Amino acid sequence: MTPAPISQLMGELVVDLLETTGLIPEAKFEVLREKAKHQPVVQVLIDEELASSEAIARIIAAQHGLPVIELGSVGIDPTAASSVPLHVLEQVNALPYAFEGDSLCVAISDPQNIHGIDSLRLASKHSIVLRVAASEDIQNELGRLARTAEAFGARSGLAEIADFEVVDEDELDDLEVDDGISDAPLVRLVNSIIFEAAEDGASDVHFEPQSDSLVVRFRIDGVLHETQRIPKRSAIGVTTRLKVLAKLDIAERRKPQDGRISLSASAAGRMLDVRVATLPTVEGEAVVMRLLDKSKKPPTMEEVGLGTAMQERLAGLIHRPTGALLVTGPTGSGKSTTLFAAMTEINRPEINVITVEDPVEYRLAGLNQVQINPRAGLTFATALRSILRSDPDVVMVGEIRDVETAKISIEAALTGHFVLSTLHTNDAPSALTRLNEMGVEPFLTGAAVTGVLAQRLARRLCEHCKELYTPSKEELFSARIPEELRHGKMELFRRNGCVRCRQTGYSGRIGVFQLLSMDEELSSLAARKASHEELERAAMQGGMTTLWEDGIEKVVAGLTSLEELARVTTI
C-alpha cells in the first residue's frame with residue numbers, strides 16, 4: 001500500500017485539531033476533510049468560505065505560533081502606520097499599528113509571505129514584530145488610510161495628517177476655491193472629513209464648536225459618533241471653508257444660513273448633494289451637513305424590512321388607481337425611502353408619475369421629479385396645483401406640511417389620482433386625526449385615505465459579531481414576546497462589536513412597520529372625527545399590529561436586538 005503523502009497527513013492532523021476548537025461549524029467538516037486531501041487547509045477554508053476571516057486568522061496564528069490581534073480593539077497609531085509606504089502595505093496586506101520600544105508592530109494576514117515580510121523590513125527603519133490579523137480587517141484599514149491620504153494629497157502615507165498644521169486667519173483669502181481641490185492643509189482637512197463621511201455611509205456631519213475644540217460627529221445608522229476634534233484656533237477656518245463651498249455669506253456669523261454643495265466623492269464612489277445649515281451658538285458657528293447620495297438606487301419593499309404578509313397587504317393598496325397612502329414617522333425614519341420603494345413597484349410606461357420633493361433624494365427613471373424652491377415661489381402647494389394640470393396618474397408629495405398642501409392632496413386622491421405622501425405622527429391611526437387637526441374635512445379624510453404606514457428605523461445587528469444568548473423569563477415577559485414565537489429554550493441575538501461595525505455591534509438599518517388598511521368602519525369613524533383611541537381599537541380588530549409587535553418578529557429572526565427596538569419604539 002502506498003503511504004499517504006506527508007502534506008495530506010498534515011492536512012488531516014490540522015482538520016482533527018480544528019474539530020476540537022469550535023471555530024468551524026460541524027456540518028462543514030466533511031467538505032473540509034475531502035478538500036484538504038488535495039489543497040492546504042487554510043486555502044480550502046478561504047475558497048469554500050467555511051470559516052470567518054477571524055477564525056482563519058486564529059488558525060493561521062496557531063500554525064505559526066504567533067499572537068492574533070483585533071485591529072478594531074487595539075487602535076491604529078498614525079505615526080506607526082505612516083512609517084511604511086502605503087503601496088508596500090497594500091502589496092503585502094499588512095498594517096503597522098503600534099510601537100513596542102524600538103520595534104514596529106505589524107499586523108499581517110499571511111506570515112508565510114517571506115518576500116513581503118522582507119519588503120516590510122527594507123521599507124521600515126525599525127525591527128518588525130509580527131502579529132496575525134483577519135485579512136478583511138487589514139484591507140478595511142488600508143482602504144481607510146488610502147482614502148485619507150488621497151484627500152490630503154499624500155498617497156505615500158499618513159505623516160502629513162499626523163503633523164497637520166492649520167493656516168492662520170490671515171490666509172483665509174486662499175480658501176476662495178469653488179472646485180473643492182487645493183493644496184492648502186485646511187482645505188484638504190475639510191475634504192478628508194467629507195470623503196470619510198461618505199465612505200462610512202454617514203447621513204449627517206456635525207461640526208460643533210466647544211470651548212476648547214471643534215467637535216466633528218457623523219450620524220451613522222441614525223446615531224451620532226464623534227470622529228475627531230479640531231483645535232479651537234482652526235474652527236473659524238473650517239466653518240469659513242464650508243460656507244465658501246456652500247456659497248454662503250462668510251461675513252455673516254450672527255444669523256442661521258442654508259446652502260448646498262454638489263460634489264463627487266470619487267474616493268468613496270459617490271455623487272453627493274450636500275445640504276449645509278449654519279447655526280450661531282455661544283461658542284461659535286455650528287455647521288450641519290446633510291449628505292444625500294444622488295447615485296444610490298431606492299431599495300425594494302423586502303430590502304426596507306417589510307415582511308411577506310405586510311408586503312402583500314401594501315401591494316393591494318399601492319396598485320389602486322385612486323386614493324391616498326400616507327407614510328408616517330419622525331424625521332429620519334426612512335419615510336421617503338419607503339415611498340420610493342413603493343413607486344418602484346408601480347412605476348410603468350403606461351402611467352404618468354410626478355413627484356414634488358424637498359430635496360430629491362432618489363433619481364428614478366420614468367418619473368417626473370420636481371424640486372421645490374421657496375425662494376422662487378415654488379412650494380409644495382403651488383407645485384401641486386401645476387402638477388394636477390399635467391395629467392398625472394400618480395402623485396408623490398414629499399411631505400404634507402401645511403393645510404393647503406393637505407387639502408390639495410386629499411382632493412387629488414378623490415378626483416382620480418393615486419397620491420403618496422408623508423406626515424409626522426407617532427403611529428398610523430394618528431395620521432387620520434392629524435389631517436383633521438390641519439383643517440381637512442373629516443368626511444374627505446375618511447373617503448380619500450386608503451392606508452397609513454407608520455415606521456421606525458432600527459439598527460441591524462452586525463452579522464460578523466452578533467452573539468447568541470438565552471434571555472431570562474423576566475426579559476421575555478417584559479418584552480411581550482408572543483407565545484407562538486417562543487420555541488423551547490428560546491435564544492436571541494445581542495450586539496457585541498468588531499472592526500467592521502466600528503465596535504457598535506450594528507451595521508445598517510431595517511424598518512419596523514405598522515400598517516393600517518382603511519375599511520368601512522374606519523372610514524366611518526374618520527368621517528365623524530373619532531378619537532385616536534377609537535380609531536386604534538377598530539384598526540387592531542381589523543388586523544393591524546403595533547410597531548413593537550413587528551419589531552419583536554425581527555428580534556426573534558436575529559435582525560436586531562431588544563435593546564435597539566426599545567430605543568426606537570415603545571411597547
# chains A, B, ... in the order shown; residues from 1 in each chain; ligands from 1
>>> residues_around(residues="range 411-423 of chain A", least_positions_apart="3", cutoff="6 Å", atoms="only C-alpha atoms", output="ChimeraX atom specification")
/A:321-328,393-400,408,448
>>> residues_around(residues="Gly201 in chain A", least_positions_apart="6", cutoff="12 Å", atoms="only C-alpha atoms", output="count of residues only")
22
>>> residues_around(residues="range 302-316 of chain A", least_positions_apart="6", cutoff="9 Å", atoms="only C-alpha atoms", output="VMD selection string")
chain A and resid 334 337 to 338 341 to 342 345 451 453 509 to 515 517 550 554
>>> closest_atom_pairs(of="range 284-358 of chain A", to="range 235-245 of chain A", cutoff="10 Å", atoms="only C-alpha atoms", output="tab-separated table")
residue	atom	partner	partner_atom	distance
A:Gly284	CA	A:Ile236	CA	8.2
A:Glu285	CA	A:Thr239	CA	7.2
A:Ala286	CA	A:Thr239	CA	7.9
A:Val287	CA	A:Thr239	CA	7.0
A:Val288	CA	A:Leu242	CA	10.0
A:Met289	CA	A:Leu242	CA	9.3
>>> closest_atom_pairs(of="range 480-551 of chain A", to="range 468-476 of chain A", cutoff="8 Å", atoms="only C-alpha atoms", output="JSON lines")
{"residue": "A:Arg480", "atom": "CA", "partner": "A:Leu476", "partner_atom": "CA", "distance": 6.2}
{"residue": "A:Ile481", "atom": "CA", "partner": "A:Leu476", "partner_atom": "CA", "distance": 5.9}
{"residue": "A:Lys489", "atom": "CA", "partner": "A:Thr470", "partner_atom": "CA", "distance": 7.5}
{"residue": "A:Met490", "atom": "CA", "partner": "A:Thr470", "partner_atom": "CA", "distance": 6.3}
{"residue": "A:Glu491", "atom": "CA", "partner": "A:Thr470", "partner_atom": "CA", "distance": 4.6}
{"residue": "A:Leu492", "atom": "CA", "partner": "A:Tyr469", "partner_atom": "CA", "distance": 5.6}
{"residue": "A:Phe493", "atom": "CA", "partner": "A:Leu468", "partner_atom": "CA", "distance": 4.5}
{"residue": "A:Arg494", "atom": "CA", "partner": "A:Leu468", "partner_atom": "CA", "distance": 6.5}
>>> write_last_selection(atoms="N, CA, C and O atoms", output="JSON list (two decimals), in the first residue's frame")
[["chain", "number", "residue", "atom", "x", "y", "z"],
["A", 480, "ARG", "N", -42.92, 41.16, 26.06],
["A", 480, "ARG", "CA", -44.21, 40.72, 25.50],
["A", 480, "ARG", "C", -44.02, 39.94, 24.20],
["A", 480, "ARG", "O", -44.70, 40.17, 23.21],
["A", 481, "ILE", "N", -43.10, 38.99, 24.23],
["A", 481, "ILE", "CA", -42.89, 38.13, 23.06],
["A", 481, "ILE", "C", -44.03, 37.12, 23.01],
["A", 481, "ILE", "O", -44.25, 36.37, 23.97],
["A", 489, "LYS", "N", -36.26, 26.30, 24.59],
["A", 489, "LYS", "CA", -35.30, 27.22, 25.23],
["A", 489, "LYS", "C", -34.98, 28.31, 24.22],
["A", 489, "LYS", "O", -34.09, 28.17, 23.38],
["A", 490, "MET", "N", -35.68, 29.42, 24.31],
["A", 490, "MET", "CA", -35.57, 30.46, 23.30],
["A", 490, "MET", "C", -34.23, 31.17, 23.37],
["A", 490, "MET", "O", -33.73, 31.50, 24.45],
["A", 491, "GLU", "N", -33.64, 31.41, 22.19],
["A", 491, "GLU", "CA", -32.37, 32.13, 22.09],
["A", 491, "GLU", "C", -32.53, 33.34, 21.19],
["A", 491, "GLU", "O", -33.18, 33.28, 20.15],
["A", 492, "LEU", "N", -31.95, 34.46, 21.60],
["A", 492, "LEU", "CA", -31.96, 35.69, 20.82],
["A", 492, "LEU", "C", -30.53, 36.14, 20.56],
["A", 492, "LEU", "O", -29.59, 35.59, 21.13],
["A", 493, "PHE", "N", -30.39, 37.15, 19.71],
["A", 493, "PHE", "CA", -29.07, 37.70, 19.44],
["A", 493, "PHE", "C", -28.95, 39.08, 20.10],
["A", 493, "PHE", "O", -29.93, 39.81, 20.24],
["A", 494, "ARG", "N", -27.73, 39.43, 20.48],
["A", 494, "ARG", "CA", -27.45, 40.76, 21.01],
["A", 494, "ARG", "C", -26.15, 41.27, 20.39],
["A", 494, "ARG", "O", -25.38, 40.51, 19.81]]
>>> atom_distance(atom1="CA of Glu100 in chain A", atom2="CA of His87 in chain A")
23.5 Å
>>> select_by_dssp(residues="range 358-524 of chain A", states="strand (DSSP E)", output="ChimeraX atom specification")
/A:367-371,394-397,418-423,449-461,467-469,492-494,506-517
>>> residues_around(residues="Ser109 in chain A", least_positions_apart="2", cutoff="12 Å", atoms="only C-alpha atoms", output="ChimeraX atom specification")
/A:42,53-61,64,66-71,89-95,106-107,111-113,116-117,130-139
>>> select_by_dssp(residues="range 343-400 of chain A", states="alpha helix (DSSP H)", output="list of chain:residue names")
A:Met343, A:Thr344, A:Glu345, A:Ile346, A:Phe380, A:Ala381, A:Thr382, A:Ala383, A:Leu384, A:Arg385, A:Ser386, A:Ile387, A:Leu388
>>> decode(residues="range 218-240 of chain A", atoms="N, CA and C atoms", output="PDB file, in the first residue's frame")
ATOM      1  N   PHE A 218     -20.293  62.173  13.123  1.00  0.00           N
ATOM      2  CA  PHE A 218     -21.010  61.588  11.992  1.00  0.00           C
ATOM      3  C   PHE A 218     -22.267  60.890  12.520  1.00  0.00           C
ATOM      4  N   ARG A 219     -23.380  61.084  11.815  1.00  0.00           N
ATOM      5  CA  ARG A 219     -24.575  60.300  12.124  1.00  0.00           C
ATOM      6  C   ARG A 219     -24.592  59.089  11.208  1.00  0.00           C
ATOM      7  N   ILE A 220     -24.347  57.935  11.785  1.00  0.00           N
ATOM      8  CA  ILE A 220     -24.295  56.684  11.031  1.00  0.00           C
ATOM      9  C   ILE A 220     -25.370  55.756  11.576  1.00  0.00           C
ATOM     10  N   ASP A 221     -26.220  55.265  10.700  1.00  0.00           N
ATOM     11  CA  ASP A 221     -27.337  54.405  11.094  1.00  0.00           C
ATOM     12  C   ASP A 221     -28.192  55.080  12.165  1.00  0.00           C
ATOM     13  N   GLY A 222     -28.349  56.404  12.047  1.00  0.00           N
ATOM     14  CA  GLY A 222     -29.242  57.136  12.935  1.00  0.00           C
ATOM     15  C   GLY A 222     -28.654  57.543  14.267  1.00  0.00           C
ATOM     16  N   VAL A 223     -27.390  57.193  14.529  1.00  0.00           N
ATOM     17  CA  VAL A 223     -26.759  57.501  15.813  1.00  0.00           C
ATOM     18  C   VAL A 223     -25.487  58.303  15.575  1.00  0.00           C
ATOM     19  N   LEU A 224     -25.254  59.336  16.398  1.00  0.00           N
ATOM     20  CA  LEU A 224     -24.079  60.187  16.245  1.00  0.00           C
ATOM     21  C   LEU A 224     -22.845  59.542  16.878  1.00  0.00           C
ATOM     22  N   HIS A 225     -21.707  59.652  16.171  1.00  0.00           N
ATOM     23  CA  HIS A 225     -20.434  59.141  16.658  1.00  0.00           C
ATOM     24  C   HIS A 225     -19.383  60.241  16.505  1.00  0.00           C
ATOM     25  N   GLU A 226     -18.671  60.536  17.580  1.00  0.00           N
ATOM     26  CA  GLU A 226     -17.591  61.517  17.485  1.00  0.00           C
ATOM     27  C   GLU A 226     -16.419  60.906  16.726  1.00  0.00           C
ATOM     28  N   THR A 227     -15.911  61.632  15.728  1.00  0.00           N
ATOM     29  CA  THR A 227     -14.823  61.104  14.911  1.00  0.00           C
ATOM     30  C   THR A 227     -13.502  61.822  15.137  1.00  0.00           C
ATOM     31  N   GLN A 228     -13.541  63.115  15.435  1.00  0.00           N
ATOM     32  CA  GLN A 228     -12.304  63.827  15.710  1.00  0.00           C
ATOM     33  C   GLN A 228     -12.603  65.174  16.350  1.00  0.00           C
ATOM     34  N   ARG A 229     -11.530  65.762  16.904  1.00  0.00           N
ATOM     35  CA  ARG A 229     -11.610  67.105  17.481  1.00  0.00           C
ATOM     36  C   ARG A 229     -10.571  67.978  16.798  1.00  0.00           C
ATOM     37  N   ILE A 230     -11.014  69.089  16.251  1.00  0.00           N
ATOM     38  CA  ILE A 230     -10.134  70.031  15.561  1.00  0.00           C
ATOM     39  C   ILE A 230      -9.792  71.151  16.541  1.00  0.00           C
ATOM     40  N   PRO A 231      -8.517  71.574  16.615  1.00  0.00           N
ATOM     41  CA  PRO A 231      -8.148  72.639  17.556  1.00  0.00           C
ATOM     42  C   PRO A 231      -9.023  73.875  17.403  1.00  0.00           C
ATOM     43  N   LYS A 232      -9.290  74.543  18.534  1.00  0.00           N
ATOM     44  CA  LYS A 232     -10.188  75.692  18.549  1.00  0.00           C
ATOM     45  C   LYS A 232      -9.736  76.785  17.584  1.00  0.00           C
ATOM     46  N   ARG A 233      -8.418  76.977  17.460  1.00  0.00           N
ATOM     47  CA  ARG A 233      -7.914  78.037  16.598  1.00  0.00           C
ATOM     48  C   ARG A 233      -8.233  77.792  15.127  1.00  0.00           C
ATOM     49  N   SER A 234      -8.603  76.548  14.800  1.00  0.00           N
ATOM     50  CA  SER A 234      -8.909  76.215  13.407  1.00  0.00           C
ATOM     51  C   SER A 234     -10.395  76.266  13.099  1.00  0.00           C
ATOM     52  N   ALA A 235     -11.234  76.456  14.130  1.00  0.00           N
ATOM     53  CA  ALA A 235     -12.682  76.366  13.942  1.00  0.00           C
ATOM     54  C   ALA A 235     -13.180  77.360  12.912  1.00  0.00           C
ATOM     55  N   ILE A 236     -12.737  78.614  13.016  1.00  0.00           N
ATOM     56  CA  ILE A 236     -13.228  79.639  12.089  1.00  0.00           C
ATOM     57  C   ILE A 236     -12.804  79.326  10.658  1.00  0.00           C
ATOM     58  N   GLY A 237     -11.615  78.748  10.484  1.00  0.00           N
ATOM     59  CA  GLY A 237     -11.160  78.395   9.145  1.00  0.00           C
ATOM     60  C   GLY A 237     -11.986  77.283   8.523  1.00  0.00           C
ATOM     61  N   VAL A 238     -12.334  76.251   9.343  1.00  0.00           N
ATOM     62  CA  VAL A 238     -13.130  75.133   8.840  1.00  0.00           C
ATOM     63  C   VAL A 238     -14.532  75.602   8.471  1.00  0.00           C
ATOM     64  N   THR A 239     -15.189  76.369   9.356  1.00  0.00           N
ATOM     65  CA  THR A 239     -16.546  76.825   9.062  1.00  0.00           C
ATOM     66  C   THR A 239     -16.558  77.777   7.866  1.00  0.00           C
ATOM     67  N   THR A 240     -15.530  78.610   7.742  1.00  0.00           N
ATOM     68  CA  THR A 240     -15.457  79.515   6.586  1.00  0.00           C
ATOM     69  C   THR A 240     -15.306  78.724   5.302  1.00  0.00           C
TER      70      THR A 240
END
